[in-house]
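The file my_file_36.tsv comes next; it holds TSV, C-alpha atoms.
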chain	number	residue	atom	x	y	z
A	27	MET	CA	9.17	14.20	-14.17
A	28	ASN	CA	8.99	12.13	-11.01
A	29	THR	CA	11.72	9.62	-10.36
A	30	LEU	CA	11.20	6.20	-8.85
A	31	ARG	CA	12.56	7.46	-5.56
A	32	ASP	CA	9.96	10.24	-5.54
A	33	ASP	CA	7.22	7.72	-6.25
A	34	LEU	CA	8.30	5.42	-3.46
A	35	HIS	CA	8.61	8.29	-0.98
A	36	ALA	CA	5.16	9.52	-1.95
A	37	LEU	CA	3.73	6.06	-1.42
A	38	ALA	CA	5.38	5.69	2.00
A	39	ASP	CA	3.78	9.02	3.13
A	40	GLU	CA	0.37	8.72	1.59
A	41	ALA	CA	-1.53	7.27	4.57
A	42	PRO	CA	-2.14	9.97	7.24
A	43	VAL	CA	-3.06	9.85	10.94
A	44	VAL	CA	-6.58	10.54	12.10
A	45	ASP	CA	-8.17	11.46	15.40
A	46	LEU	CA	-11.82	10.63	16.01
A	47	ALA	CA	-13.84	13.58	17.22
A	48	ALA	CA	-17.19	13.17	18.86
A	49	GLN	CA	-19.57	15.99	19.49
A	50	ALA	CA	-21.02	15.38	22.90
A	51	VAL	CA	-22.82	18.62	23.52
A	52	ARG	CA	-26.55	18.28	23.76
A	53	GLY	CA	-29.03	21.10	23.34
A	54	ALA	CA	-31.79	21.64	25.83
A	55	ARG	CA	-35.41	22.39	25.22
A	56	ARG	CA	-36.56	25.75	26.28
A	57	ARG	CA	-39.96	26.83	27.32
A	58	ARG	CA	-41.28	30.18	26.32
A	59	ALA	CA	-41.97	32.24	29.42
A	60	THR	CA	-45.05	34.38	29.62
A	61	ARG	CA	-43.64	36.82	32.06
A	62	LEU	CA	-40.20	38.35	32.55
A	63	ALA	CA	-40.28	37.47	36.24
A	64	VAL	CA	-40.79	33.78	35.52
A	65	VAL	CA	-37.84	33.80	33.10
A	66	ALA	CA	-35.61	35.49	35.65
A	67	ALA	CA	-36.63	33.03	38.34
A	68	ALA	CA	-35.97	30.07	36.04
A	69	VAL	CA	-32.52	31.33	35.12
A	70	THR	CA	-31.68	31.95	38.77
A	71	CYS	CA	-32.84	28.47	39.71
A	72	LEU	CA	-30.82	26.77	37.00
A	73	ILE	CA	-27.64	28.67	37.83
A	74	ALA	CA	-28.04	27.82	41.49
A	75	ALA	CA	-28.42	24.16	40.59
A	76	GLY	CA	-25.21	24.26	38.63
A	77	GLY	CA	-26.90	24.07	35.22
A	78	ALA	CA	-25.78	26.11	32.28
A	79	VAL	CA	-28.28	24.92	29.75
A	80	LEU	CA	-29.80	28.31	28.98
A	81	LEU	CA	-26.38	29.93	28.73
A	82	GLN	CA	-25.01	27.55	26.11
A	83	GLN	CA	-25.76	29.98	23.30
A	84	ILE	CA	-23.49	32.54	24.98
A	85	ARG	CA	-20.77	30.20	26.25
A	86	PRO	CA	-20.90	26.91	24.35
A	87	ALA	CA	-19.15	23.96	25.96
A	88	PRO	CA	-15.93	22.92	24.21
A	89	PRO	CA	-16.16	19.77	22.05
A	90	ILE	CA	-14.94	16.54	23.55
A	91	VAL	CA	-12.16	14.94	21.51
A	92	LEU	CA	-12.00	11.19	21.84
A	93	THR	CA	-8.59	9.70	21.12
A	94	PRO	CA	-8.97	6.01	20.21
A	95	PRO	CA	-6.82	3.60	22.18
A	96	GLU	CA	-3.94	2.08	20.26
A	97	THR	CA	-4.64	-1.34	18.77
A	98	LYS	CA	-3.35	-4.09	21.02
A	99	ALA	CA	-1.01	-6.37	19.14
A	100	LEU	CA	0.13	-9.75	20.42
A	101	PRO	CA	3.50	-11.23	19.43
A	102	LEU	CA	3.24	-13.20	16.20
A	103	PRO	CA	2.56	-16.85	17.14
A	104	ALA	CA	4.86	-19.59	15.89
A	105	LYS	CA	2.04	-20.96	13.70
A	106	GLY	CA	-1.71	-20.98	13.21
A	107	VAL	CA	-2.06	-17.44	11.82
A	108	GLY	CA	-4.71	-16.80	9.18
A	109	PRO	CA	-4.26	-14.92	5.87
A	110	VAL	CA	-3.10	-11.33	6.08
A	111	GLU	CA	-5.37	-8.48	4.97
A	112	GLN	CA	-2.64	-5.84	5.32
A	113	ALA	CA	0.63	-5.14	7.09
A	114	TYR	CA	1.67	-1.79	8.50
A	115	ARG	CA	4.06	0.15	10.67
A	116	PRO	CA	2.03	2.30	13.10
A	117	GLU	CA	2.73	6.00	13.36
A	118	CYS	CA	5.33	6.83	15.96
A	119	ARG	CA	3.58	8.22	19.05
A	120	SER	CA	6.29	7.17	21.44
A	121	ALA	CA	9.59	8.79	22.35
A	122	ALA	CA	11.22	5.44	21.67
A	123	LYS	CA	12.15	5.39	18.00
A	124	ASP	CA	12.28	1.60	17.96
A	125	ALA	CA	8.51	1.56	18.42
A	126	CYS	CA	8.14	3.07	14.94
A	127	ARG	CA	10.16	0.31	13.30
A	128	VAL	CA	8.06	-2.66	14.36
A	129	TRP	CA	5.86	-4.26	11.69
A	130	ARG	CA	2.32	-5.40	12.46
A	131	ILE	CA	0.06	-7.65	10.43
A	132	ALA	CA	-3.73	-7.53	10.48
A	133	THR	CA	-5.48	-10.73	9.40
A	134	ARG	CA	-8.74	-11.04	7.49
A	135	GLU	CA	-10.25	-12.48	10.66
A	136	GLY	CA	-9.52	-9.27	12.57
A	137	ASP	CA	-6.46	-10.33	14.60
A	138	THR	CA	-3.42	-8.05	14.90
A	139	TYR	CA	0.08	-9.36	15.57
A	140	GLU	CA	3.46	-7.72	16.00
A	141	LEU	CA	6.69	-9.03	14.51
A	142	GLY	CA	10.00	-9.18	16.35
A	143	ARG	CA	12.39	-6.26	16.73
A	144	ASP	CA	14.86	-7.82	14.30
A	145	VAL	CA	12.41	-7.30	11.39
A	146	THR	CA	13.74	-3.86	10.56
A	147	GLY	CA	13.78	-3.77	6.77
A	148	PRO	CA	11.24	-4.49	4.05
A	149	LEU	CA	8.22	-6.70	4.57
A	150	GLU	CA	5.97	-8.00	1.82
A	151	VAL	CA	2.98	-10.34	1.74
A	152	THR	CA	2.09	-12.86	-0.95
A	153	ALA	CA	-1.06	-12.12	-2.93
A	154	ASP	CA	-3.06	-14.78	-1.07
A	155	GLY	CA	-1.94	-13.38	2.32
A	156	ARG	CA	-0.63	-16.73	3.53
A	157	ARG	CA	3.11	-16.00	3.53
A	158	ILE	CA	5.26	-13.03	4.44
A	159	ALA	CA	8.83	-12.18	3.46
A	160	TYR	CA	10.94	-9.86	5.57
A	161	TYR	CA	14.52	-8.78	6.19
A	162	SER	CA	15.95	-10.19	9.43
A	163	SER	CA	18.76	-8.06	10.83
A	164	GLN	CA	19.94	-11.02	12.93
A	165	ARG	CA	20.22	-13.38	9.97
A	166	ARG	CA	21.24	-10.59	7.56
A	167	THR	CA	18.98	-11.96	4.85
A	168	ILE	CA	15.38	-12.20	3.62
A	169	VAL	CA	13.25	-14.81	5.40
A	170	VAL	CA	10.02	-16.26	3.97
A	171	ARG	CA	7.48	-17.55	6.50
A	172	ASP	CA	4.30	-19.57	6.10
A	173	LEU	CA	1.91	-18.14	8.69
A	174	GLU	CA	-0.27	-21.23	9.12
A	175	SER	CA	2.43	-23.89	9.46
A	176	GLY	CA	5.20	-21.67	10.81
A	177	LYS	CA	7.70	-23.06	8.31
A	178	THR	CA	10.44	-20.65	7.23
A	179	TRP	CA	12.86	-20.47	4.30
A	180	LYS	CA	16.05	-18.43	4.39
A	181	SER	CA	17.33	-16.62	1.32
A	182	PRO	CA	20.79	-17.72	0.12
A	183	LEU	CA	21.61	-14.03	-0.49
A	184	LYS	CA	23.34	-12.33	2.45
A	185	GLN	CA	22.67	-8.59	2.63
A	186	PRO	CA	23.74	-5.79	4.99
A	187	ALA	CA	21.06	-3.63	6.59
A	188	GLU	CA	22.34	-0.64	4.58
A	189	ASP	CA	20.73	-2.13	1.46
A	190	PHE	CA	17.37	-1.17	2.96
A	191	ALA	CA	18.26	2.25	4.35
A	192	VAL	CA	17.51	3.73	0.90
A	193	GLU	CA	14.87	3.10	-1.77
A	194	TYR	CA	14.24	-0.57	-2.37
A	195	ALA	CA	11.76	-3.04	-3.83
A	196	LEU	CA	10.94	-6.59	-2.79
A	197	ARG	CA	8.71	-8.34	-5.34
A	198	LEU	CA	7.35	-11.80	-4.43
A	199	SER	CA	6.06	-14.66	-6.53
A	200	PRO	CA	2.61	-16.03	-5.58
A	201	ASN	CA	4.11	-18.64	-3.20
A	202	GLY	CA	6.84	-16.26	-1.96
A	203	LEU	CA	9.67	-18.69	-2.66
A	204	ARG	CA	10.99	-16.71	-5.62
A	205	PHE	CA	11.51	-12.97	-5.49
A	206	ILE	CA	13.41	-9.96	-6.78
A	207	VAL	CA	15.17	-7.64	-4.34
A	208	SER	CA	16.37	-4.28	-5.68
A	209	GLY	CA	17.83	-1.09	-4.23
A	210	TRP	CA	18.63	2.41	-5.43
A	211	GLY	CA	20.56	5.37	-4.13
A	212	GLY	CA	23.02	3.63	-1.84
A	213	ARG	CA	26.60	2.49	-2.21
A	214	ARG	CA	25.34	-0.95	-3.16
A	215	GLN	CA	22.51	-1.20	-5.67
A	216	PRO	CA	21.43	-4.84	-5.75
A	217	ASN	CA	19.08	-6.17	-8.42
A	218	LYS	CA	18.81	-9.90	-7.79
A	219	LEU	CA	16.43	-12.72	-8.64
A	220	VAL	CA	16.41	-15.16	-5.71
A	221	ASP	CA	14.98	-18.70	-5.63
A	222	VAL	CA	14.96	-19.96	-2.04
A	223	GLU	CA	13.90	-23.49	-2.97
A	224	ARG	CA	16.74	-23.99	-5.43
A	225	GLY	CA	19.15	-21.83	-3.43
A	226	THR	CA	20.07	-19.72	-6.48
A	227	VAL	CA	20.78	-16.01	-6.95
A	228	THR	CA	20.74	-14.45	-10.44
A	229	ASP	CA	22.02	-10.97	-11.24
A	230	LEU	CA	19.62	-8.75	-13.20
A	231	LYS	CA	20.54	-5.73	-15.30
A	232	ARG	CA	20.70	-2.48	-13.39
A	233	GLY	CA	18.16	0.16	-14.23
A	234	TRP	CA	15.35	-2.36	-14.74
A	235	TRP	CA	12.61	-2.15	-12.12
A	236	PRO	CA	10.90	-5.39	-10.91
A	237	VAL	CA	7.24	-5.70	-11.92
A	238	SER	CA	6.29	-9.36	-11.49
A	239	VAL	CA	7.74	-12.75	-10.56
A	240	SER	CA	6.04	-16.10	-11.16
A	241	ASP	CA	6.55	-19.32	-9.21
A	242	GLY	CA	9.09	-21.97	-10.26
A	243	SER	CA	10.52	-21.26	-13.68
A	244	GLY	CA	7.65	-18.95	-14.71
A	245	SER	CA	7.91	-15.48	-16.19
A	246	VAL	CA	9.90	-12.59	-14.71
A	247	VAL	CA	8.80	-9.11	-15.78
A	248	LEU	CA	10.93	-5.95	-15.54
A	249	ALA	CA	10.29	-2.36	-16.66
A	250	LYS	CA	12.37	0.72	-17.47
A	251	PRO	CA	10.82	4.18	-17.90
A	252	TYR	CA	12.35	6.72	-20.27
A	253	GLU	CA	11.49	10.38	-20.96
A	254	ASN	CA	8.11	9.84	-22.61
A	255	THR	CA	7.93	6.06	-23.02
A	256	SER	CA	8.60	2.88	-21.04
A	257	GLN	CA	9.87	-0.57	-21.86
A	258	VAL	CA	8.52	-3.84	-20.48
A	259	TRP	CA	10.74	-6.89	-20.57
A	260	VAL	CA	9.65	-10.49	-19.97
A	261	LEU	CA	12.96	-12.29	-19.51
A	262	GLY	CA	13.64	-14.68	-22.38
A	263	HIS	CA	11.87	-12.38	-24.85
A	264	ASP	CA	12.60	-9.01	-26.42
A	265	PRO	CA	11.47	-5.87	-24.53
A	266	ILE	CA	8.38	-4.07	-25.86
A	267	THR	CA	7.78	-0.32	-25.82
A	268	ILE	CA	4.86	1.37	-24.01
A	269	GLN	CA	3.87	4.84	-25.22
A	270	ASP	CA	3.64	6.20	-21.67
A	271	PHE	CA	6.10	7.02	-18.91
A	272	THR	CA	4.78	4.85	-16.10
A	273	TYR	CA	5.66	2.60	-13.19
A	274	TYR	CA	2.05	1.63	-12.54
A	275	TYR	CA	1.79	-1.98	-13.71
A	276	SER	CA	-0.02	-5.00	-12.30
A	277	ALA	CA	1.56	-8.36	-11.65
A	278	VAL	CA	1.40	-10.75	-14.59
A	279	ALA	CA	-2.00	-12.37	-15.19
A	280	PRO	CA	-2.65	-16.10	-14.76
A	281	ASP	CA	-1.93	-16.60	-18.50
A	282	GLY	CA	1.72	-15.63	-17.90
A	283	ARG	CA	1.85	-12.76	-20.40
A	284	THR	CA	-0.97	-10.23	-19.87
A	285	LEU	CA	-0.28	-7.10	-17.82
A	286	ALA	CA	-2.51	-4.22	-16.78
A	287	ARG	CA	-1.43	-0.62	-16.28
A	288	LEU	CA	-3.12	2.61	-15.31
A	289	GLY	CA	-4.06	4.79	-18.26
A	290	GLN	CA	-2.56	8.26	-18.45
A	291	THR	CA	-2.95	11.60	-20.18
A	292	PHE	CA	-0.17	14.06	-20.91
A	293	ASP	CA	-0.81	17.81	-20.65
A	294	PRO	CA	2.24	20.15	-20.60
A	295	ASP	CA	0.08	22.98	-19.20
A	296	ARG	CA	-0.83	21.09	-16.01
A	297	GLU	CA	1.17	20.09	-12.96
A	298	PRO	CA	1.92	17.26	-12.83
A	299	MET	CA	2.01	16.98	-16.61
A	300	VAL	CA	1.27	13.23	-16.54
A	301	GLN	CA	-1.96	12.25	-14.79
A	302	GLU	CA	-3.98	9.07	-14.58
A	303	ASP	CA	-7.12	9.26	-16.71
A	304	GLY	CA	-9.42	6.84	-14.88
A	305	THR	CA	-8.87	3.91	-17.23
A	306	ILE	CA	-7.21	0.53	-16.96
A	307	VAL	CA	-5.19	-0.71	-19.94
A	308	THR	CA	-4.42	-4.39	-20.64
A	309	PHE	CA	-1.73	-5.51	-23.08
A	310	ASP	CA	0.46	-8.43	-24.08
A	311	ALA	CA	3.84	-8.07	-22.37
A	312	ILE	CA	5.57	-10.42	-24.82
A	313	GLN	CA	4.28	-9.26	-28.20
A	314	ALA	CA	3.73	-5.53	-28.69
A	315	GLY	CA	0.52	-4.57	-30.40
A	316	ARG	CA	-3.11	-3.99	-29.55
A	317	GLU	CA	-4.06	-2.56	-26.16
A	318	THR	CA	-7.49	-2.56	-24.53
A	319	ARG	CA	-8.41	0.60	-22.61
A	320	THR	CA	-11.44	0.40	-20.27
A	321	PRO	CA	-12.91	3.24	-18.14
A	322	ILE	CA	-13.13	2.35	-14.45
A	323	SER	CA	-16.50	2.88	-12.75
A	324	GLY	CA	-17.78	2.69	-9.20
A	325	LEU	CA	-15.06	4.68	-7.40
A	326	PRO	CA	-16.31	7.42	-5.04
A	327	GLU	CA	-15.47	11.04	-5.80
A	328	GLY	CA	-12.29	12.28	-4.14
A	329	LEU	CA	-10.31	9.09	-4.78
A	330	HIS	CA	-7.75	8.61	-7.51
A	331	LEU	CA	-6.07	5.44	-8.72
A	332	SER	CA	-2.60	4.98	-7.28
A	333	ARG	CA	-1.19	1.46	-7.75
A	334	LEU	CA	-2.09	-1.91	-9.22
A	335	GLY	CA	-1.52	-5.31	-7.67
A	336	SER	CA	-2.14	-8.98	-8.21
A	337	TRP	CA	-4.87	-10.64	-10.25
A	338	LEU	CA	-7.67	-11.95	-8.04
A	339	ASN	CA	-8.98	-14.18	-10.82
A	340	ALA	CA	-8.85	-14.30	-14.63
A	341	THR	CA	-10.51	-10.88	-15.08
A	342	GLU	CA	-10.12	-8.87	-11.84
A	343	VAL	CA	-7.02	-7.04	-10.65
A	344	SER	CA	-6.50	-5.30	-7.30
A	345	VAL	CA	-6.19	-1.50	-7.30
A	346	LEU	CA	-5.16	0.95	-4.57
A	347	ALA	CA	-7.17	4.20	-4.55
A	348	THR	CA	-5.89	7.12	-2.49
A	349	PRO	CA	-7.74	10.26	-1.33
A	350	GLU	CA	-7.13	13.61	-2.99
A	351	ARG	CA	-7.55	15.30	0.41
A	352	HIS	CA	-4.93	14.24	2.93
A	353	GLY	CA	-4.80	15.08	6.61
A	354	PRO	CA	-6.21	13.90	9.95
A	355	ASP	CA	-9.80	14.33	8.79
A	356	GLY	CA	-9.32	12.92	5.31
A	357	PRO	CA	-10.73	9.57	4.16
A	358	PRO	CA	-8.54	6.45	4.18
A	359	SER	CA	-6.98	4.78	1.16
A	360	LEU	CA	-9.06	1.88	-0.16
A	361	VAL	CA	-8.31	-1.33	-2.02
A	362	TYR	CA	-10.66	-2.30	-4.85
A	363	ALA	CA	-11.07	-5.16	-7.29
A	364	VAL	CA	-11.49	-3.93	-10.88
A	365	ASP	CA	-12.77	-6.06	-13.76
A	366	VAL	CA	-10.51	-5.29	-16.73
A	367	ARG	CA	-13.26	-6.20	-19.23
A	368	THR	CA	-16.07	-4.04	-17.83
A	369	GLY	CA	-14.23	-1.54	-15.64
A	370	LYS	CA	-16.61	-2.24	-12.73
A	371	SER	CA	-15.00	-1.93	-9.30
A	372	ARG	CA	-15.89	-3.35	-5.91
A	373	GLU	CA	-14.46	-2.30	-2.57
A	374	LEU	CA	-12.35	-4.83	-0.67
A	375	PHE	CA	-11.03	-3.03	2.43
A	376	ALA	CA	-9.65	0.24	3.81
A	377	LEU	CA	-6.05	0.76	4.87
A	378	ARG	CA	-5.02	1.59	8.41
A	379	LYS	CA	-4.13	5.25	8.83
A	380	GLY	CA	-0.71	6.34	9.97
A	381	GLY	CA	2.67	4.84	9.24
A	382	ARG	CA	3.47	2.67	6.22
A	383	ASN	CA	1.07	0.13	4.70
A	384	VAL	CA	1.68	-3.05	2.74
A	385	VAL	CA	-1.11	-4.55	0.63
A	386	PRO	CA	-0.70	-8.23	-0.32
A	387	GLY	CA	0.42	-8.48	-3.94
A	388	LEU	CA	0.62	-4.71	-4.55
A	389	VAL	CA	3.26	-3.70	-7.12
A	390	ARG	CA	5.18	-0.86	-5.42

Show me the file's structure as structure tokens.
Amino acid sequence: MNTLRDDLHALADEAPVVDLAAQAVRGARRRRATRLAVVAAAVTCLIAAGGAVLLQQIRPAPPIVLTPPETKALPLPAKGVGPVEQAYRPECRSAAKDACRVWRIATREGDTYELGRDVTGPLEVTADGRRIAYYSSQRRTIVVRDLESGKTWKSPLKQPAEDFAVEYALRLSPNGLRFIVSGWGGRRQPNKLVDVERGTVTDLKRGWWPVSVSDGSGSVVLAKPYENTSQVWVLGHDPITIQDFTYYYSAVAPDGRTLARLGQTFDPDREPMVQEDGTIVTFDAIQAGRETRTPISGLPEGLHLSRLGSWLNATEVSVLATPERHGPDGPPSLVYAVDVRTGKSRELFALRKGGRNVVPGLVR
């Protein structure tokens, strides 16, 4: 049985590096000679001219490997930045370890910006891509920033950097001004609900993993997996039991109570024993009862469902699909929108390869 720490490690490592290879060797047309003497003369002439066209079958030229230049990233402007498509830490190709710690954001308009060196901990993006939240080592707290206006809000919760040297989760509300910050495995194991507008910090029960946070005084959803089941808890109501061991939930739907999760099958003769079954399951997180299970269609072969995210509208939820074949030549991870009523999926964008990726609104 995988633990949460295993899941988070697996997610951090799932996007590999790729080199682009171009085959630049061109074949040459050959003319059939009618006499051996003509062939010999032609070969002699070509060799003298420095050509090796007719000898390529014997000694083929090595392929030319084209290494793409690294994406140029400007410092993040004080304001006027468009919505984020994804955030990422590039793979470390430099001897300087600090270069691996710098976060970059890629906007939907195609711009790439780099955050300051003090942004060393977690970074998350609101579902609409308009605000980011990150740990500032200088301020020793989480900072929320509106990318268009440049306005910032500082969390009232002071935290040491060691809170983010282990497994952690930072779950944002749609406007980013309310969030849960949790940590596991370290000396301190915070599990706090923070409201930066009201300046309040509320302790949450340990062992409950953050699933979803709504704006203002809206719903807060936590989950706790057990051996073969899980519990989902909307604060202010009684927890309900899910007949699967899973962490793979969506954020809460616009109605404030509906959640989606990835469907699973259990087979003790396979490894891993619990596997996703290609369905999406919707259920009421407040009142246990009927579930709706819908097969997902439209995903290419070689991809499997990995995580769920925010609701894009009343019926579509974002889904991360990862390749079964990893490695430099493997395909990238892709983000899809899936209609929970029909199961139809549509591709949104591909993730950058290398390093760690953050998808706006993804539940991780």

Quiz item: Which one is closest to Ala363 (chain A): A:Pro349, A:Gly211, A:Pro216, A:Gly324? Count all atoms listed in the file.
Solution: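 The answer is A:Gly324, which sits nearest to Ala363 (chain A).
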
Exercise. Counting all atoms listed in the file, write as a ChimeraX atom specification all protein and nucleic acid residues lying at most 6 Å from (-11.4, -4.9, -5.6) in the file's frame.
Key: /A:344,361-364,371-374

For those residues, write C-alpha atoms to a file as a PDB file, keeping the file's coordinate frame.
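Below is the file part27.pdb, written as the result:
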ATOM      1  CA  SER A 344      -6.500  -5.300  -7.300  1.00  0.00           C
ATOM      2  CA  VAL A 361      -8.310  -1.330  -2.020  1.00  0.00           C
ATOM      3  CA  TYR A 362     -10.660  -2.300  -4.850  1.00  0.00           C
ATOM      4  CA  ALA A 363     -11.070  -5.160  -7.290  1.00  0.00           C
ATOM      5  CA  VAL A 364     -11.490  -3.930 -10.880  1.00  0.00           C
ATOM      6  CA  SER A 371     -15.000  -1.930  -9.300  1.00  0.00           C
ATOM      7  CA  ARG A 372     -15.890  -3.350  -5.910  1.00  0.00           C
ATOM      8  CA  GLU A 373     -14.460  -2.300  -2.570  1.00  0.00           C
ATOM      9  CA  LEU A 374     -12.350  -4.830  -0.670  1.00  0.00           C
TER      10      LEU A 374
END

Exercise. For Ala99 (chain A), please output as number ranges by chain all residues within 12 Å (counting all atoms listed in the file; exclusion window: fewer than 6 positions along the same chain).
Key: A: 114-116, 128-133, 136-142

For those residues, write C-alpha atoms to a file as a CSV table (one decimal), in the coordinates of the input.
chain,number,residue,atom,x,y,z
A,114,TYR,CA,1.7,-1.8,8.5
A,115,ARG,CA,4.1,0.2,10.7
A,116,PRO,CA,2.0,2.3,13.1
A,128,VAL,CA,8.1,-2.7,14.4
A,129,TRP,CA,5.9,-4.3,11.7
A,130,ARG,CA,2.3,-5.4,12.5
A,131,ILE,CA,0.1,-7.6,10.4
A,132,ALA,CA,-3.7,-7.5,10.5
A,133,THR,CA,-5.5,-10.7,9.4
A,136,GLY,CA,-9.5,-9.3,12.6
A,137,ASP,CA,-6.5,-10.3,14.6
A,138,THR,CA,-3.4,-8.0,14.9
A,139,TYR,CA,0.1,-9.4,15.6
A,140,GLU,CA,3.5,-7.7,16.0
A,141,LEU,CA,6.7,-9.0,14.5
A,142,GLY,CA,10.0,-9.2,16.4

Taking all listed atoms of region 265-276 of chain A, build the axis-aligned box, pad each of the six sides by 6 Å, then write its centre and edge lengths in Å to one decimal as AutoDock Vina command-line options.
--center_x 5.7 --center_y 0.6 --center_z -19.1 --size_x 23.5 --size_y 24.9 --size_z 25.6

Quiz item: Suppose you want the space between CA of Pro386 (chain A) and CA of Asp154 (chain A); what is it in Å?
Solution: 7.0 Å

Quiz item: So how many Å separate CA of Arg390 (chain A) and CA of Lys177 (chain A), to one decimal?
Solution: 26.2 Å

Exercise. Find the spatial neighbours of Val107 (chain A), counting all atoms listed in the file, within a cut-off of 9 Å - ignore same-chain residues fewer than 5 positions away - and output them as an NGL selection string.
Key: :A and (102 or 133 or 137 or 156 or 172-176)

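Atom to atom, CA of Lys98 (chain A) and CA of Ile168 (chain A) stand 26.8 Å apart.
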
Practice problem: Write out as a ChimeraX atom specification the residues lying within 8 Å of Val227 (chain A), counting only C-alpha atoms and excluding same-chain residues fewer than 4 positions away. | Solution: /A:182-183,218-221

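Distances here use all atoms listed in the file; by that measure, the residue among A:Asn201, A:Ser240, A:Thr320, A:Gln313 closest to Arg171 (chain A) is A:Asn201.
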
Assuming the input is short of atoms at region 337-356 of chain A, produce N, CA and C atoms for that part as a tab-separated table (two decimals), keeping the file's coordinate frame.
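See rebuild27.tsv below for the written result:
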chain	number	residue	atom	x	y	z
A	337	TRP	N	-3.60	-10.24	-9.65
A	337	TRP	CA	-4.87	-10.64	-10.25
A	337	TRP	C	-5.61	-11.53	-9.25
A	338	LEU	N	-6.86	-11.19	-8.98
A	338	LEU	CA	-7.67	-11.95	-8.04
A	338	LEU	C	-8.31	-13.16	-8.70
A	339	ASN	N	-8.48	-13.08	-10.00
A	339	ASN	CA	-8.98	-14.18	-10.82
A	339	ASN	C	-8.61	-13.85	-12.26
A	340	ALA	N	-9.25	-14.49	-13.23
A	340	ALA	CA	-8.85	-14.30	-14.63
A	340	ALA	C	-9.17	-12.92	-15.17
A	341	THR	N	-10.09	-12.17	-14.52
A	341	THR	CA	-10.51	-10.88	-15.08
A	341	THR	C	-10.38	-9.71	-14.11
A	342	GLU	N	-10.18	-9.96	-12.82
A	342	GLU	CA	-10.12	-8.87	-11.84
A	342	GLU	C	-8.71	-8.67	-11.31
A	343	VAL	N	-8.33	-7.40	-11.19
A	343	VAL	CA	-7.02	-7.04	-10.65
A	343	VAL	C	-7.24	-6.10	-9.47
A	344	SER	N	-6.36	-6.17	-8.46
A	344	SER	CA	-6.50	-5.30	-7.30
A	344	SER	C	-5.91	-3.93	-7.60
A	345	VAL	N	-6.57	-2.88	-7.05
A	345	VAL	CA	-6.19	-1.50	-7.30
A	345	VAL	C	-6.22	-0.73	-5.98
A	346	LEU	N	-5.19	0.07	-5.73
A	346	LEU	CA	-5.16	0.95	-4.57
A	346	LEU	C	-5.65	2.33	-5.00
A	347	ALA	N	-6.65	2.85	-4.29
A	347	ALA	CA	-7.17	4.20	-4.55
A	347	ALA	C	-6.89	5.07	-3.35
A	348	THR	N	-6.29	6.23	-3.58
A	348	THR	CA	-5.89	7.12	-2.49
A	348	THR	C	-6.70	8.40	-2.53
A	349	PRO	N	-6.92	9.05	-1.36
A	349	PRO	CA	-7.74	10.26	-1.33
A	349	PRO	C	-6.99	11.47	-1.87
A	350	GLU	N	-7.73	12.35	-2.53
A	350	GLU	CA	-7.13	13.61	-2.99
A	350	GLU	C	-6.88	14.55	-1.82
A	351	ARG	N	-7.70	14.43	-0.77
A	351	ARG	CA	-7.55	15.30	0.41
A	351	ARG	C	-6.88	14.51	1.52
A	352	HIS	N	-5.65	14.90	1.85
A	352	HIS	CA	-4.93	14.24	2.93
A	352	HIS	C	-5.12	15.02	4.22
A	353	GLY	N	-4.72	14.41	5.32
A	353	GLY	CA	-4.80	15.08	6.61
A	353	GLY	C	-5.55	14.24	7.61
A	354	PRO	N	-5.57	14.68	8.88
A	354	PRO	CA	-6.21	13.90	9.95
A	354	PRO	C	-7.67	13.60	9.69
A	355	ASP	N	-8.36	14.52	9.00
A	355	ASP	CA	-9.80	14.33	8.79
A	355	ASP	C	-10.11	13.76	7.41
A	356	GLY	N	-9.10	13.44	6.65
A	356	GLY	CA	-9.32	12.92	5.31
A	356	GLY	C	-9.73	11.46	5.33
